[in-house]
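Reproduced below: model-v5.cif, with mmCIF, C-alpha atoms.
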```cif
data_input
#
loop_
_atom_site.label_atom_id
_atom_site.label_comp_id
_atom_site.auth_asym_id
_atom_site.auth_seq_id
_atom_site.Cartn_x
_atom_site.Cartn_y
_atom_site.Cartn_z
CA MET D 1 4.76 17.22 18.96
CA GLN D 2 1.99 19.61 20.05
CA MET D 3 0.01 18.23 22.94
CA PRO D 4 -3.79 18.40 22.84
CA GLN D 5 -5.69 20.27 25.54
CA GLY D 6 -6.64 18.25 28.62
CA ASN D 7 -5.19 14.79 29.06
CA PRO D 8 -2.27 14.46 26.62
CA LEU D 9 -2.71 10.68 26.63
CA LEU D 10 -5.90 10.97 24.57
CA LEU D 11 -5.67 11.35 20.79
CA PRO D 12 -8.28 13.77 19.38
CA TYR D 13 -7.95 12.70 15.72
CA THR D 14 -10.43 11.15 13.30
CA LEU D 15 -9.58 8.97 10.32
CA GLN D 16 -10.39 11.80 7.89
CA GLU D 17 -8.04 14.13 9.76
CA LEU D 18 -5.23 11.60 9.59
CA LEU D 19 -5.76 10.92 5.88
CA ALA D 20 -5.81 14.67 5.21
CA ARG D 21 -2.35 15.17 6.73
CA ASP D 22 -0.65 14.09 3.53
CA SER D 23 -0.97 11.88 0.48
CA VAL D 24 2.33 10.60 -0.88
CA GLN D 25 2.75 8.99 -4.29
CA VAL D 26 5.63 6.61 -5.00
CA GLU D 27 6.25 5.88 -8.67
CA LEU D 28 9.01 4.01 -10.47
CA ILE D 29 11.48 6.06 -12.47
CA PRO D 30 11.86 4.08 -15.73
CA GLU D 31 15.48 4.99 -16.42
CA LYS D 32 18.03 2.97 -14.46
CA LYS D 33 21.31 4.53 -13.42
CA GLY D 34 24.62 2.96 -12.46
CA LEU D 35 27.49 1.75 -14.60
CA PHE D 36 27.68 -1.85 -13.47
CA LEU D 37 25.06 -2.50 -10.79
CA LYS D 38 21.65 -1.29 -11.89
CA HIS D 39 19.29 -0.02 -9.24
CA VAL D 40 15.70 1.13 -9.04
CA GLU D 41 14.78 4.72 -8.26
CA TYR D 42 11.44 6.11 -7.10
CA GLU D 43 9.80 9.46 -7.54
CA VAL D 44 8.29 10.37 -4.16
CA SER D 45 5.71 13.17 -4.35
CA SER D 46 4.23 14.74 -1.23
CA GLN D 47 0.96 16.64 -1.50
CA ARG D 48 1.72 18.41 1.78
CA PHE D 49 5.16 19.68 0.82
CA LYS D 50 4.23 20.10 -2.86
CA ILE D 51 7.49 18.65 -4.13
CA SER D 52 8.79 15.51 -5.83
CA VAL D 53 12.12 13.96 -4.85
CA CYS D 54 14.11 11.01 -6.16
CA ARG D 55 14.75 8.22 -3.67
CA ARG D 56 16.41 4.81 -3.73
CA TYR D 57 15.46 1.83 -1.59
CA ASN D 58 18.55 2.37 0.60
CA ASP D 59 17.33 5.93 1.30
CA PHE D 60 14.16 4.41 2.74
CA VAL D 61 16.32 2.04 4.84
CA VAL D 62 18.28 4.91 6.43
CA PHE D 63 15.06 6.88 6.97
CA HIS D 64 13.54 3.83 8.69
CA GLU D 65 16.61 3.52 10.95
CA MET D 66 16.37 7.19 11.93
CA LEU D 67 12.67 6.81 12.77
CA LEU D 68 13.41 3.87 15.07
CA HIS D 69 16.19 5.91 16.69
CA ARG D 70 13.94 8.93 17.21
CA PHE D 71 10.73 7.04 18.07
CA PRO D 72 11.60 3.67 19.67
CA TYR D 73 8.23 3.55 21.47
CA ARG D 74 6.04 4.21 18.41
CA MET D 75 4.64 2.12 15.55
CA VAL D 76 7.29 2.31 12.85
CA PRO D 77 6.01 0.26 9.88
CA ALA D 78 8.37 -2.34 8.46
CA LEU D 79 10.01 -1.92 5.07
CA PRO D 80 9.60 -4.50 2.30
CA PRO D 81 12.59 -6.86 1.99
CA LYS D 82 15.56 -6.08 -0.20
CA ARG D 83 16.14 -8.62 -2.95
CA VAL D 84 19.80 -9.41 -3.49
CA LEU D 85 19.93 -11.41 -6.71
CA GLY D 86 18.07 -9.34 -9.27
CA ALA D 87 14.43 -8.34 -9.22
CA ASP D 88 11.69 -9.16 -11.68
CA ARG D 89 8.91 -6.75 -12.62
CA GLU D 90 6.41 -8.30 -10.22
CA PHE D 91 8.81 -7.97 -7.25
CA ILE D 92 9.65 -4.35 -8.11
CA GLU D 93 5.97 -3.41 -8.38
CA GLY D 94 5.16 -5.16 -5.09
CA ARG D 95 7.98 -3.32 -3.36
CA ARG D 96 6.83 0.01 -4.82
CA ARG D 97 3.36 -0.56 -3.41
CA ALA D 98 4.80 -1.51 -0.01
CA LEU D 99 7.03 1.59 0.07
CA LYS D 100 4.01 3.74 -0.76
CA ARG D 101 2.04 2.22 2.12
CA PHE D 102 5.01 2.71 4.45
CA ILE D 103 5.57 6.39 3.67
CA ASN D 104 1.85 7.22 3.85
CA LEU D 105 1.47 5.59 7.27
CA VAL D 106 4.51 7.53 8.47
CA ALA D 107 3.42 10.84 6.92
CA ARG D 108 0.01 10.57 8.64
CA HIS D 109 1.31 9.48 12.04
CA PRO D 110 0.86 12.43 14.45
CA PRO D 111 4.37 12.53 16.06
CA PHE D 112 6.18 11.50 12.85
CA SER D 113 4.43 14.10 10.71
CA GLU D 114 5.76 16.93 12.91
CA ASP D 115 9.33 15.67 12.98
CA ALA D 116 12.14 17.23 10.95
CA THR D 117 13.27 13.78 9.78
CA LEU D 118 10.10 13.31 7.73
CA ARG D 119 10.28 16.82 6.28
CA LEU D 120 13.88 16.21 5.23
CA PHE D 121 13.09 12.88 3.58
CA LEU D 122 10.10 14.22 1.64
CA SER D 123 11.48 17.61 0.63
CA PHE D 124 15.30 17.51 0.43
CA ASN D 125 16.26 17.56 -3.24
CA GLY D 126 20.05 17.69 -2.93
CA PRO D 127 22.64 14.90 -3.15
CA ASP D 128 23.30 12.26 -0.49
CA VAL D 129 20.08 12.38 1.48
CA GLN D 130 21.32 9.50 3.64
CA ASN D 131 24.10 11.59 5.22
CA LYS D 132 21.68 14.47 5.67
CA LEU D 133 19.33 12.20 7.59
CA ARG D 134 22.15 10.92 9.81
CA GLU D 135 23.45 14.42 10.46
CA ALA D 136 19.98 15.64 11.40
CA ALA D 137 19.63 12.80 13.94
CA GLN D 138 22.98 13.47 15.67
CA GLY D 139 22.66 14.92 19.13
CA VAL D 140 18.87 15.11 18.99
CA GLY D 141 18.05 12.09 21.15
CA ASP D 142 14.90 10.03 21.12
CA GLU D 143 11.33 11.10 21.87
CA PHE D 144 11.72 10.39 25.60
CA LEU D 145 14.38 13.10 25.88
CA ASN D 146 12.34 15.64 23.89
CA CYS D 147 8.76 15.08 25.04
CA LYS D 148 7.53 17.45 27.74
CA VAL D 149 5.40 14.83 29.49
CA ALA D 150 7.93 11.97 29.31
CA THR D 151 8.94 12.16 32.98
CA ARG D 152 5.27 12.49 34.04
CA ALA D 153 3.85 9.75 31.82
CA LYS D 154 2.92 7.61 34.83
CA ASP D 155 0.54 10.33 36.06
CA PHE D 156 -1.60 10.03 32.93
CA LEU D 157 -1.77 6.23 32.73
CA PRO D 158 -4.78 4.30 34.06
CA PRO D 159 -4.09 2.15 37.15
CA ASP D 160 -4.75 -1.09 35.22
CA ILE D 161 -2.49 -0.20 32.29
CA GLN D 162 -0.80 -3.62 32.27
CA THR D 163 -4.16 -5.39 32.01
CA GLN D 164 -5.30 -3.01 29.29
CA PHE D 165 -2.05 -3.57 27.40
CA ALA D 166 -2.53 -7.36 27.51
CA MET D 167 -6.16 -7.06 26.33
CA SER D 168 -5.26 -4.65 23.53
CA ARG D 169 -2.47 -6.89 22.35
CA GLU D 170 -4.83 -9.87 22.15
CA LEU D 171 -7.41 -7.79 20.29
CA ILE D 172 -4.87 -6.55 17.75
CA ARG D 173 -3.64 -10.12 17.23
CA ASN D 174 -7.19 -11.26 16.46
CA LEU D 175 -7.77 -8.30 14.17
CA TYR D 176 -4.59 -9.08 12.28
CA ASN D 177 -5.57 -12.71 11.75
CA SER D 178 -9.04 -11.76 10.47
CA PHE D 179 -7.83 -8.99 8.16
CA TYR D 180 -5.09 -11.26 6.84
CA LYS D 181 -7.74 -13.75 5.74
CA LEU D 182 -9.85 -10.96 4.23
CA ARG D 183 -6.84 -9.70 2.27
CA ASP D 184 -6.08 -13.22 1.05
CA ARG D 185 -9.64 -13.66 -0.28
CA ALA D 186 -9.70 -10.17 -1.79
CA GLU D 187 -6.48 -10.96 -3.63
CA ARG D 188 -8.01 -14.13 -5.02
CA ILE D 189 -11.17 -12.32 -6.13
CA ALA D 190 -9.16 -9.62 -7.93
CA SER D 191 -6.88 -12.25 -9.44
CA ARG D 192 -9.86 -14.22 -10.73
CA ALA D 193 -11.22 -11.09 -12.43
CA ILE D 194 -7.88 -10.57 -14.19
CA ASP D 195 -7.70 -14.26 -15.15
CA ASN D 196 -11.27 -14.04 -16.41
CA ALA D 197 -10.24 -11.09 -18.58
CA ALA D 198 -7.44 -13.11 -20.15
CA ASP D 199 -9.78 -16.07 -20.77
CA LEU D 200 -12.43 -13.86 -22.38
CA LEU D 201 -9.87 -12.29 -24.67
CA ILE D 202 -8.53 -15.68 -25.78
CA PHE D 203 -12.09 -17.00 -26.17
CA GLY D 204 -12.92 -14.12 -28.53
CA LYS D 205 -9.70 -14.59 -30.50
CA GLU D 206 -10.43 -18.28 -30.96
CA LEU D 207 -13.93 -17.50 -32.23
CA SER D 208 -12.39 -15.02 -34.68
CA ALA D 209 -9.82 -17.60 -35.78
CA LEU D 210 -12.61 -20.11 -36.31
CA GLY D 211 -14.54 -17.62 -38.41
CA SER D 212 -11.43 -16.76 -40.45
CA ASP D 213 -10.64 -20.38 -41.34
CA THR D 214 -10.30 -20.65 -45.12
CA THR D 215 -10.14 -24.43 -45.36
CA PRO D 216 -12.53 -25.44 -48.19
CA LEU D 217 -15.35 -27.82 -47.36
CA PRO D 218 -16.62 -30.35 -49.96
CA SER D 219 -20.14 -29.71 -51.20
CA TRP D 220 -21.27 -33.21 -50.25
CA ALA D 221 -20.46 -32.43 -46.58
CA THR D 222 -22.44 -29.17 -46.54
CA LEU D 223 -25.35 -30.56 -48.60
CA HIS D 224 -25.01 -27.44 -50.73
CA LEU D 225 -26.17 -25.26 -47.77
CA SER D 226 -24.47 -21.99 -46.78
CA THR D 227 -24.99 -22.47 -43.03
CA TRP D 228 -21.32 -22.83 -42.15
CA ALA D 229 -20.34 -19.82 -44.24
CA SER D 230 -22.93 -17.68 -42.43
CA LEU D 231 -21.78 -18.97 -39.06
CA LYS D 232 -18.16 -18.19 -39.88
CA GLN D 233 -19.06 -14.66 -40.90
CA ALA D 234 -20.86 -14.12 -37.57
CA LEU D 235 -18.10 -15.67 -35.48
CA LYS D 236 -15.47 -13.45 -37.07
CA GLY D 237 -17.02 -10.29 -35.66
CA LEU D 238 -17.50 -11.53 -32.09
CA SER D 239 -13.87 -10.96 -31.03
CA VAL D 240 -14.53 -7.22 -30.66
CA GLU D 241 -17.26 -7.75 -28.05
CA PHE D 242 -15.18 -10.31 -26.17
CA ALA D 243 -12.24 -7.90 -26.17
CA VAL D 244 -14.52 -5.28 -24.57
CA LEU D 245 -15.67 -7.86 -21.99
CA ALA D 246 -12.03 -8.72 -21.25
CA ASP D 247 -11.20 -5.04 -20.80
CA LYS D 248 -14.11 -4.55 -18.38
CA ALA D 249 -13.07 -7.60 -16.33
CA ALA D 250 -9.43 -6.43 -16.24
CA GLN D 251 -10.51 -2.95 -15.11
CA GLN D 252 -12.56 -4.44 -12.30
CA GLY D 253 -9.65 -6.64 -11.16
CA LYS D 254 -7.19 -3.73 -11.20
CA GLN D 255 -9.63 -1.47 -9.38
CA GLU D 256 -10.11 -4.06 -6.64
CA GLU D 257 -6.34 -4.49 -6.35
CA ASN D 258 -5.90 -0.74 -5.80
CA ASP D 259 -9.00 0.10 -3.76
CA VAL D 260 -9.55 -3.09 -1.77
CA VAL D 261 -6.39 -5.21 -1.57
CA GLU D 262 -4.03 -2.25 -1.09
CA LYS D 263 -6.15 -0.72 1.67
CA LEU D 264 -6.29 -4.08 3.42
CA ASN D 265 -2.50 -4.30 3.08
CA LEU D 266 -2.18 -0.79 4.53
CA PHE D 267 -4.18 -1.75 7.60
CA LEU D 268 -2.24 -5.01 7.94
CA ASP D 269 1.03 -3.04 7.83
CA LEU D 270 -0.28 -0.86 10.67
CA LEU D 271 -1.34 -3.88 12.74
CA GLN D 272 2.02 -5.56 12.15
CA ALA D 273 3.78 -2.37 13.27
CA TYR D 274 1.76 -2.51 16.50
CA LYS D 275 2.73 -6.14 17.06
CA ASP D 276 6.39 -5.26 16.46
CA LEU D 277 6.10 -2.38 18.93
CA CYS D 278 4.73 -4.72 21.62
CA GLU D 279 7.73 -6.99 21.12
CA ARG D 280 10.14 -4.04 21.32
CA HIS D 281 8.47 -2.98 24.57
CA GLU D 282 8.86 -6.41 26.15
CA LYS D 283 12.33 -7.20 24.80
CA GLY D 284 13.61 -3.62 25.05
CA VAL D 285 12.78 -1.17 27.81
CA LEU D 286 10.89 -3.67 30.01
CA HIS D 287 13.70 -6.22 29.79
CA LYS D 288 16.36 -3.53 30.47
CA HIS D 289 14.39 -2.32 33.48
CA GLN D 290 14.17 -5.83 34.92
CA ARG D 291 17.87 -6.42 34.23
CA ALA D 292 18.78 -3.14 35.97
CA LEU D 293 16.72 -4.19 39.01
CA HIS D 294 18.47 -7.55 39.10
CA LYS D 295 21.88 -5.87 38.93
CA TYR D 296 20.85 -3.49 41.70
CA GLY D 297 19.85 -6.41 43.91
CA LEU D 298 23.25 -8.04 43.40
CA MET D 299 25.01 -4.80 44.34
CA LYS D 300 22.94 -4.46 47.52
CA ARG D 301 23.87 -7.98 48.55
CA GLN D 302 27.53 -7.24 47.85
CA MET D 303 27.23 -4.12 50.01
CA MET D 304 25.73 -6.08 52.90
CA THR D 305 28.48 -8.70 52.61
CA ALA D 306 31.22 -6.02 52.51
CA THR D 307 29.77 -4.30 55.58
CA ALA D 308 29.50 -7.55 57.50
CA GLN D 309 33.10 -8.50 56.66
CA ASN D 310 34.46 -5.03 57.62
CA CYS D 311 36.03 -4.45 54.21
CA GLU D 312 38.28 -1.45 53.50
CA PRO D 313 36.45 1.90 53.48
CA GLU D 314 37.56 2.66 49.90
CA SER D 315 35.98 -0.54 48.61
CA VAL D 316 32.76 0.23 50.46
CA GLU D 317 32.68 3.79 49.09
CA GLN D 318 33.20 2.55 45.54
CA LEU D 319 30.39 0.06 45.98
CA GLU D 320 28.13 2.76 47.42
CA SER D 321 28.93 4.99 44.44
CA ARG D 322 28.06 2.19 42.03
CA ILE D 323 24.79 1.57 43.87
CA VAL D 324 23.83 5.23 43.56
CA GLU D 325 24.64 5.15 39.85
CA GLN D 326 22.55 2.01 39.45
CA GLU D 327 19.67 3.66 41.31
CA ASN D 328 19.78 6.49 38.78
CA VAL D 329 19.78 3.94 35.95
CA ILE D 330 16.78 2.18 37.48
CA GLN D 331 14.93 5.47 37.89
CA THR D 332 15.57 6.37 34.23
CA MET D 333 14.54 2.91 33.04
CA GLU D 334 11.39 3.09 35.16
CA LEU D 335 10.50 6.45 33.62
CA ARG D 336 11.20 5.04 30.15
CA ASN D 337 9.05 2.01 30.89
CA TYR D 338 6.10 4.22 31.83
CA PHE D 339 6.68 6.43 28.81
CA SER D 340 6.75 3.32 26.61
CA LEU D 341 3.37 2.28 28.07
CA TYR D 342 2.13 5.84 27.52
CA CYS D 343 3.11 5.65 23.84
CA LEU D 344 1.63 2.15 23.53
CA HIS D 345 -1.66 3.48 24.89
CA GLN D 346 -1.67 6.22 22.25
CA GLU D 347 -0.67 3.83 19.47
CA THR D 348 -3.55 1.55 20.46
CA GLN D 349 -5.89 4.52 20.06
CA LEU D 350 -4.33 5.21 16.66
CA VAL D 351 -5.11 1.67 15.49
CA HIS D 352 -8.73 2.19 16.52
CA VAL D 353 -8.81 5.52 14.65
CA TYR D 354 -7.92 3.54 11.51
CA LEU D 355 -10.63 0.90 12.07
CA PRO D 356 -13.33 2.85 10.11
CA LEU D 357 -11.14 2.21 7.08
CA THR D 358 -13.01 -1.11 7.02
CA SER D 359 -16.15 0.65 5.78
CA HIS D 360 -14.11 2.39 3.06
CA ILE D 361 -12.77 -0.99 1.94
CA LEU D 362 -16.19 -2.66 1.91
CA GLY D 363 -17.68 0.31 0.07
CA ALA D 364 -14.98 0.15 -2.59
CA PHE D 365 -15.50 -3.61 -2.97
CA VAL D 366 -19.29 -3.34 -3.30
CA ASN D 367 -19.07 -0.42 -5.75
CA SER D 368 -16.50 -2.27 -7.85
CA GLN D 369 -18.71 -5.36 -8.05
CA ILE D 370 -21.83 -3.34 -8.91
CA GLN D 371 -20.07 -1.25 -11.54
CA GLY D 372 -18.21 -4.22 -13.01
CA HIS D 373 -21.31 -6.42 -13.34
CA LYS D 374 -23.36 -3.51 -14.67
CA GLU D 375 -20.86 -2.70 -17.41
CA MET D 376 -20.31 -6.34 -18.37
CA SER D 377 -24.06 -7.02 -18.36
CA LYS D 378 -24.54 -4.22 -20.87
CA VAL D 379 -21.92 -5.71 -23.20
CA TRP D 380 -23.46 -9.19 -22.89
CA ASN D 381 -26.90 -7.76 -23.69
CA ASP D 382 -25.50 -5.90 -26.71
CA LEU D 383 -23.88 -9.12 -27.84
CA LYS D 384 -27.05 -11.24 -27.64
CA PRO D 385 -28.79 -9.90 -30.82
CA LYS D 386 -25.64 -10.54 -32.84
CA LEU D 387 -26.03 -14.26 -32.19
CA SER D 388 -29.39 -14.46 -33.99
CA CYS D 389 -27.80 -15.78 -37.18
CA LEU D 390 -26.14 -18.57 -35.19
CA PHE D 391 -29.43 -19.97 -33.87
CA ALA D 392 -31.94 -18.75 -36.44
CA GLY D 393 -35.24 -20.61 -36.24
CA PRO D 394 -38.07 -20.66 -38.78
CA HIS D 395 -39.02 -17.05 -38.07
CA SER D 396 -35.50 -15.69 -37.40
CA VAL D 397 -36.12 -15.71 -33.66
CA LEU D 398 -33.24 -16.45 -31.29
CA THR D 399 -33.76 -20.11 -30.45
CA PRO D 400 -30.65 -21.71 -29.00
CA PRO D 401 -30.51 -25.52 -28.89
CA ARG D 402 -32.29 -27.20 -26.03
CA SER D 403 -30.33 -28.87 -23.28
CA PRO D 404 -30.79 -32.64 -22.71
CA ALA D 405 -32.79 -31.83 -19.58
CA GLU D 406 -35.17 -29.62 -21.55
CA ASP D 407 -35.59 -32.30 -24.23
CA SER D 408 -36.65 -34.82 -21.59
CA LEU D 409 -39.51 -32.51 -20.56
CA CYS D 410 -40.90 -32.16 -24.08
CA PRO D 411 -44.01 -34.26 -24.97
CA ARG D 412 -43.30 -37.02 -27.46
#
```
Target format structure tokens, applied to this file:
Amino acid sequence: MQMPQGNPLLLPYTLQELLARDSVQVELIPEKKGLFLKHVEYEVSSQRFKISVCRRYNDFVVFHEMLLHRFPYRMVPALPPKRVLGADREFIEGRRRALKRFINLVARHPPFSEDATLRLFLSFNGPDVQNKLREAAQGVGDEFLNCKVATRAKDFLPPDIQTQFAMSRELIRNLYNSFYKLRDRAERIASRAIDNAADLLIFGKELSALGSDTTPLPSWATLHLSTWASLKQALKGLSVEFAVLADKAAQQGKQEENDVVEKLNLFLDLLQAYKDLCERHEKGVLHKHQRALHKYGLMKRQMMTATAQNCEPESVEQLESRIVEQENVIQTMELRNYFSLYCLHQETQLVHVYLPLTSHILGAFVNSQIQGHKEMSKVWNDLKPKLSCLFAGPHSVLTPPRSPAEDSLCPR
């Protein structure tokens, strides 16, 4: 990872710069392979590396493991769950979308994007990519062992880093809760548009079926008038307009799924990765550091007891040697703890770099609503003159029936 000039703790990136690092497409490969157990394959295409590779879900799993091994103190997004007993179309599509979000977050993450593991995953076109990934990770070590500033991370941290960490964690938790609710409502709005499309299509088909009804009516019921025949002829042609309306509504719903819901999901995946990182920090390096200190305290007490009891010199020397070893362990764990806080500070900045994505999401939502209503309004307006024969008054002017409320206002 190339360090920026000045304080290496500070990230100099903008959202546009991160998004420009790469754009990765993940598409389903229709043909399934495997003699007995069928599995899904994905075509993963990187704009940066200008290549498409074939990947299975298990390839993503191994890649995810290698990222956690190489970058234990960074935001590694979670993978979607693996379904054991079969997978329907909806599940497969949801997992494809989640894998696409995962790989794009990884490909745009500053340290990840410069790592050989990512390049291998996105560009290696040979067989058995899983073994290649494992081989590449052997003997490399994690970021702490390879970062130039790892042992000096404490020097770059602010004095109140623990307080800042607690405040940032609370902020990210609140952001996650709010964006989760926004995503939930956006999903419902997009779903309603798609449901509306289905209803409009059925509505038009039913009108067409009504107009195509060939059941004869007795002349005494129609009073020898051709009103019903004219109505049927008009109703028959309305299904085309309602099919267009249904198509417009479906397009709006799909567009909002892709441009609004998916971007909200992307940001939620990032926030969840941050929350997971905070837990790894507390349960991992911080816990190990505290445990090493506790073990060191026990050894020191044993040493004091052995000295007081005039134990054999060999036993005292062994205990002294163990204490020195434990001091080295504590020193390493302390350095790792500060480096973990250093990385957390940078990852917090990265979350804030992504925050302007909110304006992109709102812009996409507003534009979708404006465009959708505009296009549907045009179809409705084009449809209105075609209803003239349904409500023809004395002078062939469109005069739909009055509502009961309007009738009550009329002078008697």
For each of D:Arg173, D:Gly237, D:Phe365, D:Leu157, take the minimum atom-to-atom distance to Gly253 of chain D, counting only C-alpha atoms, then give the residue where this is smallest.
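Using only C-alpha atoms, Gly253 of chain D sits closest to D:Phe365.
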Selection result for the PyMOL selection byres ((chain D and resi 249) around 12) on this file, as JSON, numbers by chain
{"D": [189, 190, 191, 192, 193, 194, 195, 196, 197, 198, 199, 200, 201, 242, 243, 244, 245, 246, 247, 248, 250, 251, 252, 253, 254, 255, 256, 368, 369, 371, 372, 373, 374, 375, 376, 377, 379]}
Which residues are close to Phe156 of chain D, i.e. within 10 Å by only C-alpha atoms, leaving aside same-chain residues fewer than 2 positions away? Reply as a PDB file with C-alpha atoms, in the coordinates of the input.
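Dumped to around_1.pdb:
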```pdb
ATOM      1  CA  ASN D   7      -5.190  14.790  29.060  1.00  0.00           C
ATOM      2  CA  PRO D   8      -2.270  14.460  26.620  1.00  0.00           C
ATOM      3  CA  LEU D   9      -2.710  10.680  26.630  1.00  0.00           C
ATOM      4  CA  LEU D  10      -5.900  10.970  24.570  1.00  0.00           C
ATOM      5  CA  VAL D 149       5.400  14.830  29.490  1.00  0.00           C
ATOM      6  CA  ARG D 152       5.270  12.490  34.040  1.00  0.00           C
ATOM      7  CA  ALA D 153       3.850   9.750  31.820  1.00  0.00           C
ATOM      8  CA  LYS D 154       2.920   7.610  34.830  1.00  0.00           C
ATOM      9  CA  PRO D 158      -4.780   4.300  34.060  1.00  0.00           C
ATOM     10  CA  PRO D 159      -4.090   2.150  37.150  1.00  0.00           C
ATOM     11  CA  TYR D 338       6.100   4.220  31.830  1.00  0.00           C
ATOM     12  CA  PHE D 339       6.680   6.430  28.810  1.00  0.00           C
ATOM     13  CA  TYR D 342       2.130   5.840  27.520  1.00  0.00           C
TER      14      TYR D 342
END
```
Expressed in Å, the length from atom CA of Lys384 of chain D to atom CA of Ala209 of chain D is 20.1 Å
Between D:Ala137, D:Arg336, D:Cys343, D:His360, single out the one closest to Thr151 of chain D, counting all atoms listed in the file.
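Closest to Thr151 of chain D of all the choices is D:Arg336.
Of the residues under consideration (D:Ala229, D:Met333, D:Ala364, D:Ala98), D:Ala98 shows the shortest atom-to-atom contact distance to Pro80 of chain D when counting all atoms listed in the file.
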As an NGL selection string, please: the residues near Pro72 of chain D (cut-off 9 Å, only C-alpha atoms, same-chain neighbours under 3 positions excluded).
:D and (67-69 or 75-76 or 142-144 or 277 or 280-281 or 340)
Might you spell out which residues the PyMOL selection byres ((chain D and resi 125) around 9) would select in the displayed file, as a list in words?
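That expression, the PyMOL selection byres ((chain D and resi 125) around 9), corresponds here to Ile51, Ser52, Val53, Cys54, Leu120, Phe121, Leu122, Ser123, Phe124, Gly126, Pro127 and Val129 of chain D.
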Figure out the distance between atom CA of Lys263 of chain D and atom CA of Asn367 of chain D, please, to one decimal in Å.
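We find that atom CA of Asn367 of chain D and atom CA of Lys263 of chain D lie 14.9 Å from each other.
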Contacts of Leu235 of chain D at 7 Å (only C-alpha atoms; same-chain gap of 6+ positions) as number ranges by chain:
D: 207-208, 211
Skip Asp276 of chain D itself and residues of its chain fewer than 3 positions away, then list as a VMD selection string all residues within 12 Å of it, counting all atoms listed in the file.
chain D and resid 68 72 to 78 169 172 to 173 269 to 273 279 to 284 344 347
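For the pair atom CA of Ser168 of chain D and atom CA of Gln349 of chain D, the separation is 9.8 Å.
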